[in-house]
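Asks: run_33.txt is reproduced in full below (compact mmCIF, C-alpha atoms).
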# COMPACT_ATOMS: atom_id res chain seq x y z
CA MET K 1 54.60 150.48 67.60
CA SER K 2 57.40 150.50 65.06
CA LEU K 3 56.91 150.50 61.34
CA PRO K 4 59.04 148.14 59.28
CA SER K 5 62.18 149.69 57.86
CA GLY K 6 63.78 148.99 54.51
CA PRO K 7 63.61 149.65 50.78
CA LEU K 8 60.71 148.48 48.69
CA SER K 9 61.16 148.56 44.93
CA GLN K 10 58.26 148.46 42.54
CA GLY K 11 57.99 149.74 38.99
CA ALA K 12 59.91 152.96 38.41
CA GLY K 13 59.88 154.08 42.03
CA ARG K 14 61.34 153.15 45.35
CA PHE K 15 60.53 154.38 48.80
CA THR K 16 62.49 153.85 51.95
CA GLU K 17 60.46 154.17 55.08
CA GLN K 18 62.14 155.16 58.27
CA ALA K 19 60.29 155.73 61.51
CA SER K 20 61.93 157.31 64.52
CA VAL K 21 60.82 158.90 67.75
CA CYS K 22 61.81 162.53 68.16
CA GLY K 23 60.72 164.49 71.22
CA ALA K 24 60.90 167.82 69.40
CA LEU K 25 58.15 166.65 67.06
CA GLY K 26 55.89 165.41 69.81
CA GLY K 27 55.45 162.04 68.19
CA LYS K 28 56.72 159.74 65.53
CA THR K 29 57.99 161.09 62.24
CA HIS K 30 57.68 158.94 59.15
CA ARG K 31 59.92 159.56 56.16
CA VAL K 32 58.88 158.60 52.65
CA SER K 33 61.68 158.99 50.14
CA GLY K 34 61.80 157.94 46.55
CA GLU K 35 64.01 157.73 43.53
CA ASN K 36 62.31 158.70 40.28
CA LEU K 37 59.07 159.58 42.04
CA SER K 38 58.06 161.10 38.75
CA ALA K 39 60.30 161.27 35.72
CA PRO K 40 61.22 164.94 35.15
CA ARG K 41 60.86 166.20 31.59
CA LEU K 42 63.13 168.99 30.41
CA ALA K 43 61.51 170.99 27.63
CA GLY K 44 63.29 174.23 26.95
CA GLY K 45 64.68 174.01 30.46
CA LEU K 46 61.36 175.01 32.04
CA ASP K 47 58.82 172.19 32.00
CA VAL K 48 60.54 170.10 34.62
CA CYS K 49 57.45 168.53 36.15
CA ALA K 50 55.05 167.43 33.44
CA GLN K 51 51.39 168.07 34.20
CA THR K 52 48.67 165.45 33.95
CA GLU K 53 45.29 166.23 32.40
CA SER K 54 43.13 164.22 34.78
CA SER K 55 42.59 165.30 38.38
CA ASP K 56 41.71 161.70 39.30
CA VAL K 57 45.25 160.38 39.54
CA PRO K 58 45.86 157.11 41.39
CA LEU K 59 49.02 156.95 43.46
CA PRO K 60 51.85 154.71 42.25
CA SER K 61 51.71 151.42 44.11
CA TYR K 62 54.83 152.11 46.17
CA LEU K 63 53.37 155.39 47.45
CA ALA K 64 49.96 153.83 48.07
CA THR K 65 51.69 151.15 50.16
CA ALA K 66 53.49 153.81 52.19
CA VAL K 67 50.26 155.72 52.81
CA ASP K 68 48.52 152.54 53.96
CA LEU K 69 51.32 151.89 56.46
CA LEU K 70 51.01 155.44 57.78
CA ALA K 71 47.26 155.11 58.18
CA ALA K 72 47.77 151.95 60.23
CA ASP K 73 50.10 153.60 62.77
CA CYS K 74 48.31 156.16 64.94
CA SER K 75 51.59 157.29 66.55
CA VAL K 76 52.70 159.03 63.33
CA SER K 77 51.94 162.75 63.47
CA GLU K 78 54.36 164.13 60.87
CA VAL K 79 55.33 162.87 57.42
CA ILE K 80 58.53 163.83 55.60
CA LEU K 81 58.68 163.67 51.81
CA SER K 82 62.28 163.53 50.65
CA GLY K 83 64.51 162.53 47.77
CA GLY K 84 64.80 161.88 45.01
CA ASP K 85 62.89 165.15 45.08
CA PRO K 86 59.16 165.22 45.85
CA LEU K 87 58.71 168.41 43.81
CA CYS K 88 59.54 166.39 40.70
CA LEU K 89 56.01 165.11 41.06
CA SER K 90 53.54 167.11 38.99
CA ASP K 91 51.11 169.32 40.90
CA VAL K 92 48.35 166.82 40.15
CA GLN K 93 50.36 163.89 41.49
CA LEU K 94 51.48 165.86 44.53
CA ALA K 95 47.90 166.94 45.23
CA ALA K 96 46.79 163.30 45.10
CA LEU K 97 49.48 162.31 47.60
CA VAL K 98 48.82 165.24 49.94
CA GLY K 99 45.10 164.53 49.75
CA ARG K 100 45.64 160.93 50.84
CA LEU K 101 47.87 162.05 53.71
CA ARG K 102 45.34 164.68 54.76
CA SER K 103 42.68 161.99 55.02
CA ILE K 104 44.69 160.25 57.78
CA GLY K 105 43.32 161.76 60.97
CA HIS K 106 46.44 161.37 63.12
CA VAL K 107 48.79 162.99 60.57
CA ARG K 108 48.96 166.72 61.32
CA ARG K 109 52.16 167.96 59.71
CA LEU K 110 53.88 167.55 56.35
CA ARG K 111 57.54 168.37 55.73
CA ILE K 112 58.86 168.55 52.16
CA HIS K 113 62.63 168.32 51.62
CA THR K 114 63.63 169.64 48.21
CA ARG K 115 66.33 171.21 46.04
CA MET K 116 63.87 172.45 43.43
CA PRO K 117 63.38 176.04 44.74
CA ILE K 118 67.18 176.40 44.56
CA VAL K 119 68.02 174.69 41.26
CA VAL K 120 64.74 175.22 39.36
CA PRO K 121 62.99 178.12 41.14
CA GLN K 122 60.37 178.26 38.37
CA ARG K 123 58.90 175.11 39.94
CA VAL K 124 57.49 177.26 42.76
CA THR K 125 54.41 178.45 40.91
CA GLY K 126 51.30 180.07 42.28
CA LYS K 127 49.49 176.78 41.74
CA LEU K 128 52.04 174.85 43.81
CA VAL K 129 51.90 177.42 46.61
CA GLU K 130 48.09 177.25 46.70
CA LEU K 131 48.26 173.45 46.80
CA LEU K 132 50.55 173.51 49.84
CA ARG K 133 48.80 176.39 51.59
CA GLY K 134 45.35 174.95 50.99
CA SER K 135 46.09 171.65 52.68
CA ALA K 136 44.71 171.05 56.17
CA LEU K 137 48.17 169.73 57.07
CA ARG K 138 50.67 172.10 58.66
CA THR K 139 53.21 172.20 55.83
CA LEU K 140 56.89 173.14 56.03
CA VAL K 141 59.47 173.21 53.24
CA VAL K 142 63.14 172.39 53.85
CA VAL K 143 65.40 173.59 51.03
CA HIS K 144 68.81 172.06 50.42
CA VAL K 145 71.30 174.85 49.72
CA ASN K 146 75.08 174.68 50.02
CA HIS K 147 76.54 178.03 48.94
CA PRO K 148 75.47 181.69 48.90
CA ALA K 149 76.08 181.83 45.14
CA GLU K 150 72.99 179.63 44.70
CA LEU K 151 70.74 182.36 46.11
CA ASP K 152 70.09 184.49 43.04
CA ARG K 153 67.11 186.73 42.31
CA GLN K 154 64.94 183.92 40.93
CA VAL K 155 65.56 181.80 44.02
CA GLU K 156 64.73 184.79 46.21
CA ILE K 157 61.37 185.15 44.43
CA ALA K 158 60.59 181.44 44.81
CA LEU K 159 61.37 181.43 48.53
CA ALA K 160 59.36 184.61 49.09
CA ARG K 161 56.33 183.03 47.40
CA LEU K 162 56.35 180.20 49.90
CA ILE K 163 57.05 182.35 52.96
CA ASP K 164 54.56 185.08 52.03
CA ALA K 165 51.91 182.36 51.77
CA GLY K 166 52.57 181.36 55.38
CA ILE K 167 54.63 178.26 54.57
CA PRO K 168 57.73 178.14 56.82
CA VAL K 169 60.99 177.50 54.94
CA LEU K 170 64.03 175.96 56.65
CA SER K 171 67.49 175.23 55.27
CA GLN K 172 69.70 172.16 55.10
CA THR K 173 73.34 172.32 54.03
CA VAL K 174 76.05 169.70 53.60
CA LEU K 175 79.53 170.72 54.72
CA LEU K 176 81.73 170.16 51.65
CA ARG K 177 85.48 170.51 51.28
CA GLY K 178 86.38 173.11 48.69
CA VAL K 179 82.78 174.34 48.43
CA ASN K 180 81.70 175.84 51.75
CA ASP K 181 84.30 174.76 54.33
CA SER K 182 85.26 178.30 55.36
CA VAL K 183 83.65 180.60 57.88
CA GLU K 184 83.36 183.28 55.20
CA SER K 185 81.35 181.01 52.90
CA LEU K 186 79.09 179.67 55.65
CA ALA K 187 78.55 183.09 57.25
CA GLY K 188 77.67 184.51 53.84
CA LEU K 189 75.19 181.70 53.27
CA TYR K 190 73.45 181.96 56.64
CA GLU K 191 73.34 185.76 56.65
CA ARG K 192 71.73 185.68 53.22
CA LEU K 193 69.25 183.03 54.32
CA ALA K 194 68.34 185.14 57.35
CA ASP K 195 67.74 188.12 55.06
CA LEU K 196 65.43 185.91 52.97
CA ARG K 197 63.52 184.78 56.11
CA VAL K 198 64.74 181.18 55.79
CA VAL K 199 65.37 179.48 59.14
CA ALA K 200 68.80 177.88 59.59
CA TYR K 201 68.09 174.23 60.38
CA TYR K 202 70.82 171.64 59.78
CA LEU K 203 74.45 171.70 58.68
CA HIS K 204 75.18 168.07 57.81
CA GLN K 205 78.44 166.21 58.07
CA LEU K 206 78.90 164.46 54.73
CA ASP K 207 77.70 160.86 54.65
CA ARG K 208 80.50 158.44 53.80
CA VAL K 209 79.24 157.22 50.46
CA ALA K 210 81.25 155.86 47.55
CA GLY K 211 82.84 158.50 45.36
CA ALA K 212 82.43 161.43 47.75
CA ALA K 213 85.42 161.07 50.09
CA HIS K 214 87.20 164.06 48.52
CA PHE K 215 84.39 166.32 49.79
CA GLU K 216 84.64 165.19 53.42
CA VAL K 217 85.58 167.80 56.03
CA PRO K 218 86.96 166.52 59.37
CA VAL K 219 84.41 166.77 62.17
CA GLU K 220 86.76 168.83 64.32
CA VAL K 221 86.97 171.41 61.53
CA GLY K 222 83.18 171.52 61.30
CA ILE K 223 82.88 172.06 65.05
CA ARG K 224 85.38 174.92 64.85
CA LEU K 225 83.50 176.50 61.95
CA VAL K 226 80.20 176.40 63.82
CA GLY K 227 81.89 177.99 66.84
CA GLU K 228 83.12 180.81 64.60
CA LEU K 229 79.62 181.21 63.14
CA ARG K 230 78.22 181.64 66.66
CA ALA K 231 80.73 184.43 67.27
CA ARG K 232 79.67 186.23 64.06
CA LEU K 233 75.94 185.64 63.65
CA PRO K 234 72.79 185.95 65.76
CA GLY K 235 71.80 182.65 67.32
CA TYR K 236 68.77 182.18 65.08
CA ALA K 237 71.02 182.23 62.00
CA VAL K 238 73.32 179.41 63.17
CA PRO K 239 72.36 175.84 62.17
CA ARG K 240 72.74 172.68 64.20
CA TYR K 241 75.76 170.67 63.05
CA VAL K 242 74.70 167.02 62.80
CA ARG K 243 75.53 163.70 61.24
CA GLU K 244 73.57 160.56 60.55
CA LEU K 245 74.85 157.23 61.83
CA PRO K 246 73.76 153.93 60.27
CA GLY K 247 71.01 152.34 62.32
CA ALA K 248 70.56 155.32 64.65
CA SER K 249 67.01 156.49 65.36
CA CYS K 250 67.92 160.17 65.10
CA LYS K 251 70.73 162.49 64.02
CA GLN K 252 73.78 162.93 66.24
CA LEU K 253 74.29 166.54 67.32
CA LEU K 254 77.93 167.58 66.84
CA ALA K 255 77.75 171.31 67.64
Translate this structure into structure tokens?
Replies:
Amino acid sequence: MSLPSGPLSQGAGRFTEQASVCGALGGKTHRVSGENLSAPRLAGGLDVCAQTESSDVPLPSYLATAVDLLAADCSVSEVILSGGDPLCLSDVQLAALVGRLRSIGHVRRLRIHTRMPIVVPQRVTGKLVELLRGSALRTLVVVHVNHPAELDRQVEIALARLIDAGIPVLSQTVLLRGVNDSVESLAGLYERLADLRVVAYYLHQLDRVAGAAHFEVPVEVGIRLVGELRARLPGYAVPRYVRELPGASCKQLLA
């Protein structure tokens, strides 16, 4: 059974649902992504995700619709929350969403794709870690990080909080011209991630979107860089080089 695919806009949020079959996951993965899932509030640079007083928080209608679709499809075993950024939800809102997902018997795993531990490491609080660890769902966090300079002491602490709590952390990186398109930069990034116990996951070829062409690295250069990484690093520290093709059911492996 296939779930419908396409954007659904309602109120301040939008989710795009995308279902695909992936043998490595042992079932269907369902992605729920949103723009402005929750409006971040910057107060002194720290209070990025405003808290809500009540613990009885109804889901926004666009998320409730997504959860209902998931509940109706017994082939879905893993749910991906992606961007916007799901950690821009408050802990209360995130707990409400995770609780609804946990109530779906055939959903066993939850994957959260986020930049927050990298750009606002203070978001990874003890309360957030307990929320994720306490769920009956097997939860993984995928952090989006592009350069070793992003991995400062505060980021190290945030990642360690997740990993020490038994939450696996994986990395995603976009290959960007002038940012990380050298073997020195990429090797430095993946060695540092290995030291921090973060699993190298994907190195993405840049999507061809408006306004980003100046960041694109030719695929043949990316393949060469990954080959050089394999010569320098242990196998577990080398990511899979992939790209997404419009309409494809899964990523294309490049190297």
Asks: Just the number, please: distance in Å from atom CA of K:Pro60 to atom CA of K:Leu140, one decimal.
Replies: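 Going from atom CA of K:Pro60 over to atom CA of K:Leu140 covers 23.6 Å.
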Asks: My list of candidates is K:Leu69, K:Leu193, K:Leu254, K:Leu132. Which is closest to K:Asp91 when distances are computed with all atoms listed in the file?
Replies: K:Leu132
Asks: Could you tell me which of K:Pro117, K:Gly178, K:Pro246, K:Pro239 comes closest to K:Asp207 if we count all atoms listed in the file?
Replies: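 Selected residue with least distance to K:Asp207: K:Pro246.
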Asks: Can you work out the spacing between atom CA of K:Ala194 and atom CA of K:Gln172 in Å, to one decimal?
Replies: 13.2 Å
Asks: Can you tell me, as a short mmCIF file (atom, residue, chain, number, x, y, z; two decimals) with C-alpha atoms, in the coordinates of the input, what residues are no more than 7 Å from K:Ser171 when counting all atoms listed in the file, ignoring any on the same chain fewer than 4 positions away?
Replies:
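Writing done, so here's out_18.cif:
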data_model
loop_
_atom_site.label_atom_id
_atom_site.label_comp_id
_atom_site.auth_asym_id
_atom_site.auth_seq_id
_atom_site.Cartn_x
_atom_site.Cartn_y
_atom_site.Cartn_z
CA VAL K 142 63.14 172.39 53.85
CA VAL K 143 65.40 173.59 51.03
CA HIS K 144 68.81 172.06 50.42
CA VAL K 145 71.30 174.85 49.72
CA VAL K 198 64.74 181.18 55.79
CA VAL K 199 65.37 179.48 59.14
CA ALA K 200 68.80 177.88 59.59
CA TYR K 201 68.09 174.23 60.38
CA TYR K 202 70.82 171.64 59.78
#
Asks: Can you pull out the residues contacting K:His106? Cut-off 9 Å, using all atoms listed in the file, and skip same-chain residues under 2 positions away; I want them as a compact mmCIF listing (two decimals) with C-alpha atoms, in the frame of the given file.
Replies:
# COMPACT_ATOMS: atom_id res chain seq x y z
CA ALA K 71 47.26 155.11 58.18
CA ASP K 73 50.10 153.60 62.77
CA CYS K 74 48.31 156.16 64.94
CA SER K 75 51.59 157.29 66.55
CA VAL K 76 52.70 159.03 63.33
CA SER K 77 51.94 162.75 63.47
CA GLU K 78 54.36 164.13 60.87
CA SER K 103 42.68 161.99 55.02
CA ILE K 104 44.69 160.25 57.78
CA ARG K 108 48.96 166.72 61.32
Asks: One decimal, Å: what's the distance from atom CA of K:Lys251 over to atom CA of K:Leu175, could you say?
Replies: 15.2 Å
Asks: Which residues come within 9 Å of K:Val98, counting all atoms listed in the file, excluding same-chain residues fewer than 3 positions away, as JSON, numbers by chain?
Replies: {"K": [93, 94, 95, 101, 102, 103, 110, 131, 132, 135, 137]}
Asks: For a quick check of understanding, using all atoms listed in the file, which of K:Ala255, K:Met116, K:Val129, K:Val141 has the smallest distance to K:Gly84?
Replies: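 Checking each of K:Ala255, K:Met116, K:Val129, K:Val141 against K:Gly84, counting all atoms listed in the file, the winner is K:Met116.
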